[in-house]
>>> print(open('entry16.tsv').read())   # TSV, C-alpha atoms
chain	number	residue	atom	x	y	z
Z	1	MET	CA	9.50	-20.27	10.01
Z	2	THR	CA	6.19	-18.72	8.98
Z	3	PHE	CA	5.96	-15.82	6.60
Z	4	THR	CA	2.98	-13.44	6.53
Z	5	VAL	CA	1.79	-11.01	3.87
Z	6	TYR	CA	-0.28	-8.00	4.98
Z	7	THR	CA	-2.06	-4.99	3.52
Z	8	PHE	CA	-2.50	-1.63	5.17
Z	9	GLU	CA	-5.80	-1.41	7.03
Z	10	VAL	CA	-7.77	1.65	8.03
Z	11	VAL	CA	-8.07	2.31	11.75
Z	12	ALA	CA	-11.43	3.50	13.10
Z	13	GLY	CA	-11.24	7.27	13.62
Z	14	GLN	CA	-8.02	7.62	11.63
Z	15	GLU	CA	-7.40	10.79	9.61
Z	16	TRP	CA	-8.27	10.49	5.93
Z	17	ILE	CA	-6.59	12.31	3.06
Z	18	PHE	CA	-8.39	13.30	-0.15
Z	19	PRO	CA	-7.45	14.98	-3.39
Z	20	VAL	CA	-8.97	18.46	-3.66
Z	21	ASP	CA	-9.77	17.66	-7.31
Z	22	GLU	CA	-11.86	14.48	-7.36
Z	23	ASP	CA	-10.54	13.66	-10.86
Z	24	HIS	CA	-7.24	12.72	-9.20
Z	25	PHE	CA	-8.78	9.60	-7.67
Z	26	GLU	CA	-8.36	7.93	-11.07
Z	27	MET	CA	-4.63	8.71	-11.03
Z	28	PHE	CA	-4.27	6.81	-7.74
Z	29	PHE	CA	-6.26	3.80	-8.95
Z	30	ALA	CA	-4.17	3.63	-12.13
Z	31	MET	CA	-0.86	3.19	-10.29
Z	32	ASN	CA	0.24	-0.23	-11.44
Z	33	GLY	CA	3.81	-0.69	-10.29
Z	34	LYS	CA	5.49	1.55	-12.82
Z	35	VAL	CA	7.87	4.42	-12.06
Z	36	ILE	CA	6.28	7.84	-12.49
Z	37	SER	CA	8.78	10.16	-14.13
Z	38	ASN	CA	6.49	13.12	-14.89
Z	39	TRP	CA	4.87	13.53	-11.46
Z	40	ASN	CA	2.56	16.52	-11.17
Z	41	PRO	CA	1.80	16.68	-7.43
Z	42	PRO	CA	-1.93	16.84	-6.71
Z	43	VAL	CA	-3.30	19.10	-4.00
Z	44	MET	CA	-4.38	16.97	-1.03
Z	45	LYS	CA	-6.34	17.77	2.11
Z	46	ILE	CA	-6.36	15.84	5.39
Z	47	ASN	CA	-9.71	15.56	7.17
Z	48	HIS	CA	-8.78	16.45	10.77
Z	49	GLU	CA	-12.34	16.78	12.09
Z	50	GLU	CA	-13.02	14.38	14.94
Z	51	ARG	CA	-10.18	12.18	13.75
Z	52	PHE	CA	-7.03	11.14	15.54
Z	53	TYR	CA	-3.56	11.86	14.25
Z	54	SER	CA	-2.05	9.31	11.89
Z	55	ASP	CA	1.48	9.01	10.49
Z	56	PHE	CA	-0.32	7.29	7.58
Z	57	PRO	CA	-3.40	9.38	6.65
Z	58	TRP	CA	-5.80	6.99	4.88
Z	59	LEU	CA	-6.91	7.05	1.27
Z	60	GLY	CA	-6.76	3.33	0.53
Z	61	GLU	CA	-4.67	0.20	0.75
Z	62	HIS	CA	-3.39	0.82	-2.78
Z	63	VAL	CA	-1.77	4.22	-2.10
Z	64	PRO	CA	-0.16	4.71	1.31
Z	65	PHE	CA	0.41	8.31	2.33
Z	66	LEU	CA	3.08	9.05	4.93
Z	67	ARG	CA	3.80	11.99	7.17
Z	68	LYS	CA	7.37	13.10	7.89
Z	69	PRO	CA	7.94	10.79	10.92
Z	70	ALA	CA	6.99	7.75	8.79
Z	71	VAL	CA	9.19	8.90	5.90
Z	72	GLU	CA	12.12	9.42	8.27
Z	73	ALA	CA	11.66	6.01	9.89
Z	74	LEU	CA	10.85	3.97	6.76
Z	75	GLY	CA	12.15	5.92	3.76
Z	76	HIS	CA	15.33	3.85	3.47
Z	77	ILE	CA	13.21	0.70	3.15
Z	78	LEU	CA	10.47	2.13	0.94
Z	79	LEU	CA	12.91	3.60	-1.58
Z	80	LYS	CA	14.14	0.05	-2.33
Z	81	TYR	CA	10.62	-0.82	-3.52
Z	82	GLY	CA	9.24	2.38	-4.99
Z	83	GLN	CA	9.04	6.14	-4.95
Z	84	LEU	CA	8.10	8.68	-2.30
Z	85	LEU	CA	6.26	11.39	-4.21
Z	86	PRO	CA	5.44	14.78	-2.68
Z	87	VAL	CA	1.97	16.27	-2.82
Z	88	ARG	CA	0.79	19.84	-2.43
Z	89	GLY	CA	-1.43	21.19	0.34
Z	90	GLU	CA	-0.14	18.91	3.14
Z	91	GLU	CA	3.29	17.82	4.30
Z	92	VAL	CA	2.83	14.19	3.25
Z	93	TRP	CA	4.28	11.88	0.64
Z	94	LEU	CA	2.60	9.26	-1.49
Z	95	PHE	CA	4.33	5.88	-1.73
Z	96	ASN	CA	4.22	4.57	-5.30
Z	97	ALA	CA	5.20	0.89	-5.09
Z	98	THR	CA	7.23	0.03	-8.19
Z	99	THR	CA	8.08	-3.51	-7.17
Z	100	ALA	CA	5.34	-5.41	-8.98
Z	101	LEU	CA	5.56	-9.16	-8.50
Z	102	ASP	CA	3.65	-11.98	-10.15
Z	103	ALA	CA	3.41	-13.56	-6.71
Z	104	LEU	CA	-0.25	-14.53	-6.59
Z	105	ASP	CA	-0.94	-18.27	-6.77
Z	106	HIS	CA	-3.89	-18.16	-9.16
Z	107	GLU	CA	-4.75	-21.83	-8.66
Z	108	ARG	CA	-5.09	-21.64	-4.87
Z	109	SER	CA	-6.43	-18.10	-4.53
Z	110	GLN	CA	-10.11	-17.34	-4.83
Z	111	ILE	CA	-10.32	-14.83	-7.67
Z	112	VAL	CA	-13.29	-13.22	-9.40
Z	113	TYR	CA	-12.54	-12.37	-13.01
Z	114	PHE	CA	-14.07	-9.97	-15.51
Z	115	ASP	CA	-15.26	-11.54	-18.77
Z	116	ASP	CA	-12.05	-10.37	-20.45
Z	117	GLY	CA	-9.90	-12.35	-17.96
Z	118	ASN	CA	-8.73	-9.39	-15.87
Z	119	ILE	CA	-9.08	-9.64	-12.10
Z	120	LEU	CA	-12.17	-8.02	-10.61
Z	121	ALA	CA	-11.55	-9.04	-6.98
Z	122	ILE	CA	-9.44	-11.40	-4.93
Z	123	GLU	CA	-11.55	-13.00	-2.20
Z	124	ARG	CA	-8.75	-15.14	-0.76
Z	125	HIS	CA	-5.07	-14.48	-1.34
Z	126	VAL	CA	-2.52	-17.27	-1.63
Z	127	PHE	CA	0.99	-16.22	-2.56
Z	128	ASP	CA	3.93	-18.06	-4.06
Z	129	ARG	CA	6.58	-17.54	-1.37
Z	130	GLY	CA	9.42	-18.10	-3.84
Z	131	ARG	CA	8.22	-15.27	-6.09
Z	132	ILE	CA	8.19	-12.82	-3.19
Z	133	GLY	CA	11.77	-13.65	-2.28
Z	134	THR	CA	13.25	-11.05	0.04
Z	135	ALA	CA	10.86	-8.24	-0.97
Z	136	GLU	CA	9.37	-6.45	2.04
Z	137	VAL	CA	6.99	-4.27	0.01
Z	138	PHE	CA	5.33	-5.06	-3.32
Z	139	LYS	CA	2.15	-4.93	-5.32
Z	140	LEU	CA	0.64	-7.02	-8.07
Z	141	SER	CA	0.85	-5.58	-11.57
Z	142	MET	CA	-2.87	-4.92	-11.84
Z	143	ARG	CA	-5.04	-1.85	-11.57
Z	144	ALA	CA	-5.58	-0.65	-7.98
Z	145	SER	CA	-3.52	-3.47	-6.48
Z	146	PRO	CA	-3.10	-3.09	-2.75
Z	147	VAL	CA	0.40	-2.48	-1.48
Z	148	PHE	CA	1.48	-5.69	0.26
Z	149	VAL	CA	4.04	-5.80	3.06
Z	150	THR	CA	5.74	-8.62	4.93
Z	151	ASP	CA	6.54	-9.35	8.56
Z	152	SER	CA	9.84	-7.49	8.52
Z	153	PHE	CA	8.20	-4.27	7.31
Z	154	VAL	CA	5.42	-4.51	9.89
Z	155	GLU	CA	8.05	-5.01	12.62
Z	156	GLN	CA	9.94	-1.89	11.46
Z	157	VAL	CA	6.73	0.18	11.60
Z	158	ARG	CA	5.93	-1.05	15.09
Z	159	SER	CA	9.46	-0.59	16.42
Z	160	ALA	CA	9.50	2.98	15.07
Z	161	GLY	CA	6.46	3.80	17.24
Z	162	LEU	CA	4.48	5.20	14.32
Z	163	ARG	CA	0.89	6.14	15.13
Z	164	GLY	CA	-2.40	5.56	13.40
Z	165	VAL	CA	-1.35	2.65	11.20
Z	166	SER	CA	-2.66	-0.89	11.12
Z	167	PHE	CA	-2.17	-4.00	9.02
Z	168	LYS	CA	-4.42	-6.86	8.02
Z	169	ALA	CA	-2.82	-10.30	7.66
Z	170	LEU	CA	-3.92	-11.76	4.32
Z	171	TRP	CA	-1.83	-14.87	4.01
Z	172	ASN	CA	0.51	-16.92	6.15
Z	173	SER	CA	2.88	-19.52	4.70
Z	174	ALA	CA	1.80	-21.91	7.48
Z	175	ASP	CA	-1.67	-21.98	5.89
Z	176	LEU	CA	-0.42	-24.16	3.03
>>> encode(input="entry16.tsv", output="structure tokens")
Amino acid sequence: MTFTVYTFEVVAGQEWIFPVDEDHFEMFFAMNGKVISNWNPPVMKINHEERFYSDFPWLGEHVPFLRKPAVEALGHILLKYGQLLPVRGEEVWLFNATTALDALDHERSQIVYFDDGNILAIERHVFDRGRIGTAEVFKLSMRASPVFVTDSFVEQVRSAGLRGVSFKALWNSADL
């Protein structure tokens, strides 16, 4: 049986969400798989102009935002793998993935490194299936890691009929 790992992908025309204070972008990039215990909700604003409704307003693949229908449909799954954090200004929640796995196969992936050895970019992802185990949602423990999801999560999103959300397949176990 094949196993696929995905990231969230922006849909053309999808609503975007932004922090009112641009300094908060750094806070989102710095999320690295750790629990946030002293959350100070930022003020967010959804860009509705000439955009279609999304249950997942877009900021980036590293910080999924969810509207109430998505939280109601997926909250029981997401809370196994992280936190749903409220924001101010809009009725949306930020998903902070706290399941950080060392699941990247560094030998088979195509990785660009900084001089200090940290990862700059991953051009081709190859995962170690055994390290993912039964996790449906995870991230790598690196700065601005995308949130990765598996087939079972994607199926739950689709069966819930959520709108304005898409996924990009990054790796399939059959590719090995």
>>> residues_around(input="entry16.tsv", residues="stretch 13-18 of chain Z", least_positions_apart="2", cutoff="12 Å", atoms="all atoms listed in the file", output="VMD selection string")
chain Z and resid 9 to 11 20 to 25 28 42 to 60 63 to 67 87 to 94 163 to 166
>>> residues_around(input="entry16.tsv", residues="Z:Gly161", least_positions_apart="4", cutoff="10 Å", atoms="only C-alpha atoms", output="VMD selection string")
chain Z and resid 55 69 to 70 73 156 to 157 165
>>> residues_around(input="entry16.tsv", residues="Z:Lys168", least_positions_apart="3", cutoff="9 Å", atoms="all atoms listed in the file", output="list in words")
Val5, Tyr6, Thr7, Phe8 and Glu9 of chain Z
>>> closest_residue(input="entry16.tsv", among="Z:Trp171, Z:Phe138, Z:Tyr81, Z:Phe148", to="Z:Arg108", atoms="all atoms listed in the file")
Z:Trp171
>>> atom_distance(input="entry16.tsv", atom1="atom CA of Z:Glu61", atom2="atom CA of Z:Phe95")
10.9 Å
>>> closest_residue(input="entry16.tsv", among="Z:Ala103, Z:Met142, Z:Leu84, Z:Leu78", to="Z:His125", atoms="all atoms listed in the file")
Z:Ala103
>>> atom_distance(input="entry16.tsv", atom1="atom CA of Z:Asp175", atom2="atom CA of Z:Thr2")
9.1 Å
>>> residues_near_point(input="entry16.tsv", point="(14.3, -0.3, -2.5)", cutoff="12 Å", atoms="all atoms listed in the file", output="ChimeraX atom specification")
/Z:74-84,95-99,134-138
>>> write_last_selection(input="entry16.tsv", atoms="C-alpha atoms", output="short mmCIF file (atom, residue, chain, number, x, y, z; two decimals), in the coordinates of the input")
data_model
loop_
_atom_site.label_atom_id
_atom_site.label_comp_id
_atom_site.auth_asym_id
_atom_site.auth_seq_id
_atom_site.Cartn_x
_atom_site.Cartn_y
_atom_site.Cartn_z
CA LEU Z 74 10.85 3.97 6.76
CA GLY Z 75 12.15 5.92 3.76
CA HIS Z 76 15.33 3.85 3.47
CA ILE Z 77 13.21 0.70 3.15
CA LEU Z 78 10.47 2.13 0.94
CA LEU Z 79 12.91 3.60 -1.58
CA LYS Z 80 14.14 0.05 -2.33
CA TYR Z 81 10.62 -0.82 -3.52
CA GLY Z 82 9.24 2.38 -4.99
CA GLN Z 83 9.04 6.14 -4.95
CA LEU Z 84 8.10 8.68 -2.30
CA PHE Z 95 4.33 5.88 -1.73
CA ASN Z 96 4.22 4.57 -5.30
CA ALA Z 97 5.20 0.89 -5.09
CA THR Z 98 7.23 0.03 -8.19
CA THR Z 99 8.08 -3.51 -7.17
CA THR Z 134 13.25 -11.05 0.04
CA ALA Z 135 10.86 -8.24 -0.97
CA GLU Z 136 9.37 -6.45 2.04
CA VAL Z 137 6.99 -4.27 0.01
CA PHE Z 138 5.33 -5.06 -3.32
#
>>> closest_residue(input="entry16.tsv", among="Z:Lys68, Z:Thr150, Z:Gln110, Z:Asn38", to="Z:Arg129", atoms="only C-alpha atoms")
Z:Thr150
>>> closest_residue(input="entry16.tsv", among="Z:Ala174, Z:Val71, Z:Leu85, Z:Val126", to="Z:Glu107", atoms="all atoms listed in the file")
Z:Val126
>>> decode(input="entry16.tsv", residues="stretch 28-176 of chain Z", atoms="C-alpha atoms", output="PDB file, in the first residue's frame")
ATOM      1  CA  PHE Z  28       4.965  32.490  12.583  1.00  0.00           C
ATOM      2  CA  PHE Z  29       8.287  31.620  10.927  1.00  0.00           C
ATOM      3  CA  ALA Z  30       9.821  30.784  14.309  1.00  0.00           C
ATOM      4  CA  MET Z  31       7.259  28.077  15.137  1.00  0.00           C
ATOM      5  CA  ASN Z  32       9.418  24.979  15.327  1.00  0.00           C
ATOM      6  CA  GLY Z  33       7.269  22.222  16.766  1.00  0.00           C
ATOM      7  CA  LYS Z  34       7.255  23.375  20.364  1.00  0.00           C
ATOM      8  CA  VAL Z  35       4.173  23.974  22.520  1.00  0.00           C
ATOM      9  CA  ILE Z  36       3.398  27.660  23.030  1.00  0.00           C
ATOM     10  CA  SER Z  37       2.328  28.201  26.620  1.00  0.00           C
ATOM     11  CA  ASN Z  38       2.340  32.015  26.715  1.00  0.00           C
ATOM     12  CA  TRP Z  39       0.295  32.706  23.564  1.00  0.00           C
ATOM     13  CA  ASN Z  40      -0.482  36.363  22.975  1.00  0.00           C
ATOM     14  CA  PRO Z  41      -3.000  36.272  20.102  1.00  0.00           C
ATOM     15  CA  PRO Z  42      -2.007  38.556  17.232  1.00  0.00           C
ATOM     16  CA  VAL Z  43      -4.595  40.642  15.408  1.00  0.00           C
ATOM     17  CA  MET Z  44      -5.215  39.131  11.972  1.00  0.00           C
ATOM     18  CA  LYS Z  45      -7.106  40.381   8.929  1.00  0.00           C
ATOM     19  CA  ILE Z  46      -8.514  38.313   6.066  1.00  0.00           C
ATOM     20  CA  ASN Z  47      -8.247  39.832   2.594  1.00  0.00           C
ATOM     21  CA  HIS Z  48     -11.762  39.287   1.201  1.00  0.00           C
ATOM     22  CA  GLU Z  49     -11.374  41.490  -1.889  1.00  0.00           C
ATOM     23  CA  GLU Z  50     -11.943  39.544  -5.095  1.00  0.00           C
ATOM     24  CA  ARG Z  51     -11.148  36.325  -3.264  1.00  0.00           C
ATOM     25  CA  PHE Z  52     -13.284  33.270  -2.736  1.00  0.00           C
ATOM     26  CA  TYR Z  53     -14.190  31.928   0.669  1.00  0.00           C
ATOM     27  CA  SER Z  54     -11.774  29.467   2.247  1.00  0.00           C
ATOM     28  CA  ASP Z  55     -12.109  27.325   5.369  1.00  0.00           C
ATOM     29  CA  PHE Z  56      -8.293  27.639   5.432  1.00  0.00           C
ATOM     30  CA  PRO Z  57      -7.364  31.302   4.783  1.00  0.00           C
ATOM     31  CA  TRP Z  58      -3.788  31.266   3.449  1.00  0.00           C
ATOM     32  CA  LEU Z  59      -0.674  32.655   5.080  1.00  0.00           C
ATOM     33  CA  GLY Z  60       1.741  29.842   4.261  1.00  0.00           C
ATOM     34  CA  GLU Z  61       2.308  26.106   4.329  1.00  0.00           C
ATOM     35  CA  HIS Z  62       4.041  26.439   7.697  1.00  0.00           C
ATOM     36  CA  VAL Z  63       1.072  27.934   9.610  1.00  0.00           C
ATOM     37  CA  PRO Z  64      -2.387  26.699   8.636  1.00  0.00           C
ATOM     38  CA  PHE Z  65      -5.258  28.927   9.705  1.00  0.00           C
ATOM     39  CA  LEU Z  66      -8.710  27.382  10.065  1.00  0.00           C
ATOM     40  CA  ARG Z  67     -12.204  28.793  10.184  1.00  0.00           C
ATOM     41  CA  LYS Z  68     -14.841  27.321  12.492  1.00  0.00           C
ATOM     42  CA  PRO Z  69     -16.132  24.642  10.032  1.00  0.00           C
ATOM     43  CA  ALA Z  70     -12.571  23.286   9.647  1.00  0.00           C
ATOM     44  CA  VAL Z  71     -11.977  23.334  13.413  1.00  0.00           C
ATOM     45  CA  GLU Z  72     -15.262  21.506  14.008  1.00  0.00           C
ATOM     46  CA  ALA Z  73     -14.484  18.873  11.374  1.00  0.00           C
ATOM     47  CA  LEU Z  74     -10.767  18.374  12.107  1.00  0.00           C
ATOM     48  CA  GLY Z  75     -10.132  19.623  15.642  1.00  0.00           C
ATOM     49  CA  HIS Z  76     -10.205  16.136  17.156  1.00  0.00           C
ATOM     50  CA  ILE Z  77      -7.422  15.072  14.783  1.00  0.00           C
ATOM     51  CA  LEU Z  78      -5.353  18.251  14.943  1.00  0.00           C
ATOM     52  CA  LEU Z  79      -5.300  18.346  18.743  1.00  0.00           C
ATOM     53  CA  LYS Z  80      -3.436  14.999  18.716  1.00  0.00           C
ATOM     54  CA  TYR Z  81      -0.596  16.708  16.830  1.00  0.00           C
ATOM     55  CA  GLY Z  82      -0.571  20.281  18.073  1.00  0.00           C
ATOM     56  CA  GLN Z  83      -2.472  23.290  19.324  1.00  0.00           C
ATOM     57  CA  LEU Z  84      -5.342  25.333  17.935  1.00  0.00           C
ATOM     58  CA  LEU Z  85      -4.549  28.885  18.972  1.00  0.00           C
ATOM     59  CA  PRO Z  86      -7.080  31.720  18.710  1.00  0.00           C
ATOM     60  CA  VAL Z  87      -6.258  35.016  17.068  1.00  0.00           C
ATOM     61  CA  ARG Z  88      -7.896  38.411  17.374  1.00  0.00           C
ATOM     62  CA  GLY Z  89      -9.689  40.303  14.612  1.00  0.00           C
ATOM     63  CA  GLU Z  90     -11.122  37.264  12.794  1.00  0.00           C
ATOM     64  CA  GLU Z  91     -12.892  34.100  13.894  1.00  0.00           C
ATOM     65  CA  VAL Z  92     -10.039  31.790  12.915  1.00  0.00           C
ATOM     66  CA  TRP Z  93      -7.534  29.599  14.705  1.00  0.00           C
ATOM     67  CA  LEU Z  94      -3.874  29.006  13.983  1.00  0.00           C
ATOM     68  CA  PHE Z  95      -2.688  25.399  14.018  1.00  0.00           C
ATOM     69  CA  ASN Z  96       0.675  25.101  15.777  1.00  0.00           C
ATOM     70  CA  ALA Z  97       2.012  21.643  14.904  1.00  0.00           C
ATOM     71  CA  THR Z  98       3.872  20.300  17.939  1.00  0.00           C
ATOM     72  CA  THR Z  99       4.591  16.876  16.508  1.00  0.00           C
ATOM     73  CA  ALA Z 100       8.097  17.430  15.163  1.00  0.00           C
ATOM     74  CA  LEU Z 101       9.593  14.327  13.588  1.00  0.00           C
ATOM     75  CA  ASP Z 102      13.101  13.627  12.339  1.00  0.00           C
ATOM     76  CA  ALA Z 103      11.477  11.940   9.349  1.00  0.00           C
ATOM     77  CA  LEU Z 104      13.474  13.421   6.484  1.00  0.00           C
ATOM     78  CA  ASP Z 105      15.842  11.001   4.743  1.00  0.00           C
ATOM     79  CA  HIS Z 106      18.821  13.341   4.393  1.00  0.00           C
ATOM     80  CA  GLU Z 107      20.728  10.960   2.124  1.00  0.00           C
ATOM     81  CA  ARG Z 108      17.977  10.619  -0.498  1.00  0.00           C
ATOM     82  CA  SER Z 109      16.459  14.100  -0.277  1.00  0.00           C
ATOM     83  CA  GLN Z 110      17.879  17.002  -2.228  1.00  0.00           C
ATOM     84  CA  ILE Z 111      18.763  19.571   0.419  1.00  0.00           C
ATOM     85  CA  VAL Z 112      20.480  22.947   0.180  1.00  0.00           C
ATOM     86  CA  TYR Z 113      22.385  23.800   3.340  1.00  0.00           C
ATOM     87  CA  PHE Z 114      23.636  27.036   4.855  1.00  0.00           C
ATOM     88  CA  ASP Z 115      27.376  27.154   5.590  1.00  0.00           C
ATOM     89  CA  ASP Z 116      26.624  26.385   9.250  1.00  0.00           C
ATOM     90  CA  GLY Z 117      24.885  23.095   8.313  1.00  0.00           C
ATOM     91  CA  ASN Z 118      21.302  24.262   8.835  1.00  0.00           C
ATOM     92  CA  ILE Z 119      18.799  23.597   6.061  1.00  0.00           C
ATOM     93  CA  LEU Z 120      18.193  26.473   3.659  1.00  0.00           C
ATOM     94  CA  ALA Z 121      15.772  24.647   1.335  1.00  0.00           C
ATOM     95  CA  ILE Z 122      14.572  21.162   0.506  1.00  0.00           C
ATOM     96  CA  GLU Z 123      14.300  20.741  -3.257  1.00  0.00           C
ATOM     97  CA  ARG Z 124      13.145  17.112  -3.147  1.00  0.00           C
ATOM     98  CA  HIS Z 125      11.644  15.464  -0.090  1.00  0.00           C
ATOM     99  CA  VAL Z 126      12.212  11.810   0.742  1.00  0.00           C
ATOM    100  CA  PHE Z 127      10.844  10.627   4.059  1.00  0.00           C
ATOM    101  CA  ASP Z 128      11.641   7.681   6.290  1.00  0.00           C
ATOM    102  CA  ARG Z 129       8.239   5.970   6.484  1.00  0.00           C
ATOM    103  CA  GLY Z 130       9.133   4.244   9.757  1.00  0.00           C
ATOM    104  CA  ARG Z 131       9.837   7.556  11.490  1.00  0.00           C
ATOM    105  CA  ILE Z 132       6.439   8.933  10.501  1.00  0.00           C
ATOM    106  CA  GLY Z 133       4.660   5.925  11.968  1.00  0.00           C
ATOM    107  CA  THR Z 134       0.958   6.590  12.413  1.00  0.00           C
ATOM    108  CA  ALA Z 135       1.275  10.400  12.548  1.00  0.00           C
ATOM    109  CA  GLU Z 136      -1.233  12.139  10.281  1.00  0.00           C
ATOM    110  CA  VAL Z 137       0.155  15.648  10.834  1.00  0.00           C
ATOM    111  CA  PHE Z 138       3.735  16.672  11.610  1.00  0.00           C
ATOM    112  CA  LYS Z 139       6.514  19.085  10.854  1.00  0.00           C
ATOM    113  CA  LEU Z 140      10.278  18.914  10.857  1.00  0.00           C
ATOM    114  CA  SER Z 141      12.031  20.527  13.810  1.00  0.00           C
ATOM    115  CA  MET Z 142      13.484  23.370  11.770  1.00  0.00           C
ATOM    116  CA  ARG Z 143      12.629  27.009  11.315  1.00  0.00           C
ATOM    117  CA  ALA Z 144       9.586  27.604   9.076  1.00  0.00           C
ATOM    118  CA  SER Z 145       9.051  23.906   8.402  1.00  0.00           C
ATOM    119  CA  PRO Z 146       5.920  23.258   6.401  1.00  0.00           C
ATOM    120  CA  VAL Z 147       3.160  21.339   8.120  1.00  0.00           C
ATOM    121  CA  PHE Z 148       3.081  17.898   6.505  1.00  0.00           C
ATOM    122  CA  VAL Z 149      -0.032  15.733   6.335  1.00  0.00           C
ATOM    123  CA  THR Z 150      -0.679  12.186   5.188  1.00  0.00           C
ATOM    124  CA  ASP Z 151      -3.324  10.469   3.080  1.00  0.00           C
ATOM    125  CA  SER Z 152      -5.679   9.879   5.990  1.00  0.00           C
ATOM    126  CA  PHE Z 153      -5.757  13.579   6.904  1.00  0.00           C
ATOM    127  CA  VAL Z 154      -6.341  14.635   3.291  1.00  0.00           C
ATOM    128  CA  GLU Z 155      -9.227  12.132   3.076  1.00  0.00           C
ATOM    129  CA  GLN Z 156     -10.808  13.581   6.248  1.00  0.00           C
ATOM    130  CA  VAL Z 157     -10.601  17.118   4.814  1.00  0.00           C
ATOM    131  CA  ARG Z 158     -12.195  16.026   1.554  1.00  0.00           C
ATOM    132  CA  SER Z 159     -14.940  13.973   3.200  1.00  0.00           C
ATOM    133  CA  ALA Z 160     -15.812  16.937   5.445  1.00  0.00           C
ATOM    134  CA  GLY Z 161     -16.529  19.033   2.324  1.00  0.00           C
ATOM    135  CA  LEU Z 162     -14.248  21.859   3.435  1.00  0.00           C
ATOM    136  CA  ARG Z 163     -13.791  24.637   0.897  1.00  0.00           C
ATOM    137  CA  GLY Z 164     -10.793  26.532  -0.375  1.00  0.00           C
ATOM    138  CA  VAL Z 165      -8.114  24.048   0.658  1.00  0.00           C
ATOM    139  CA  SER Z 166      -5.651  22.148  -1.488  1.00  0.00           C
ATOM    140  CA  PHE Z 167      -2.702  19.844  -0.965  1.00  0.00           C
ATOM    141  CA  LYS Z 168       0.498  19.218  -2.877  1.00  0.00           C
ATOM    142  CA  ALA Z 169       1.859  15.657  -2.877  1.00  0.00           C
ATOM    143  CA  LEU Z 170       5.557  15.812  -1.985  1.00  0.00           C
ATOM    144  CA  TRP Z 171       6.507  12.202  -1.567  1.00  0.00           C
ATOM    145  CA  ASN Z 172       4.982   8.800  -2.177  1.00  0.00           C
ATOM    146  CA  SER Z 173       6.384   5.611  -0.644  1.00  0.00           C
ATOM    147  CA  ALA Z 174       6.035   3.937  -4.058  1.00  0.00           C
ATOM    148  CA  ASP Z 175       8.740   6.303  -5.353  1.00  0.00           C
ATOM    149  CA  LEU Z 176      11.443   4.386  -3.486  1.00  0.00           C
TER     150      LEU Z 176
END
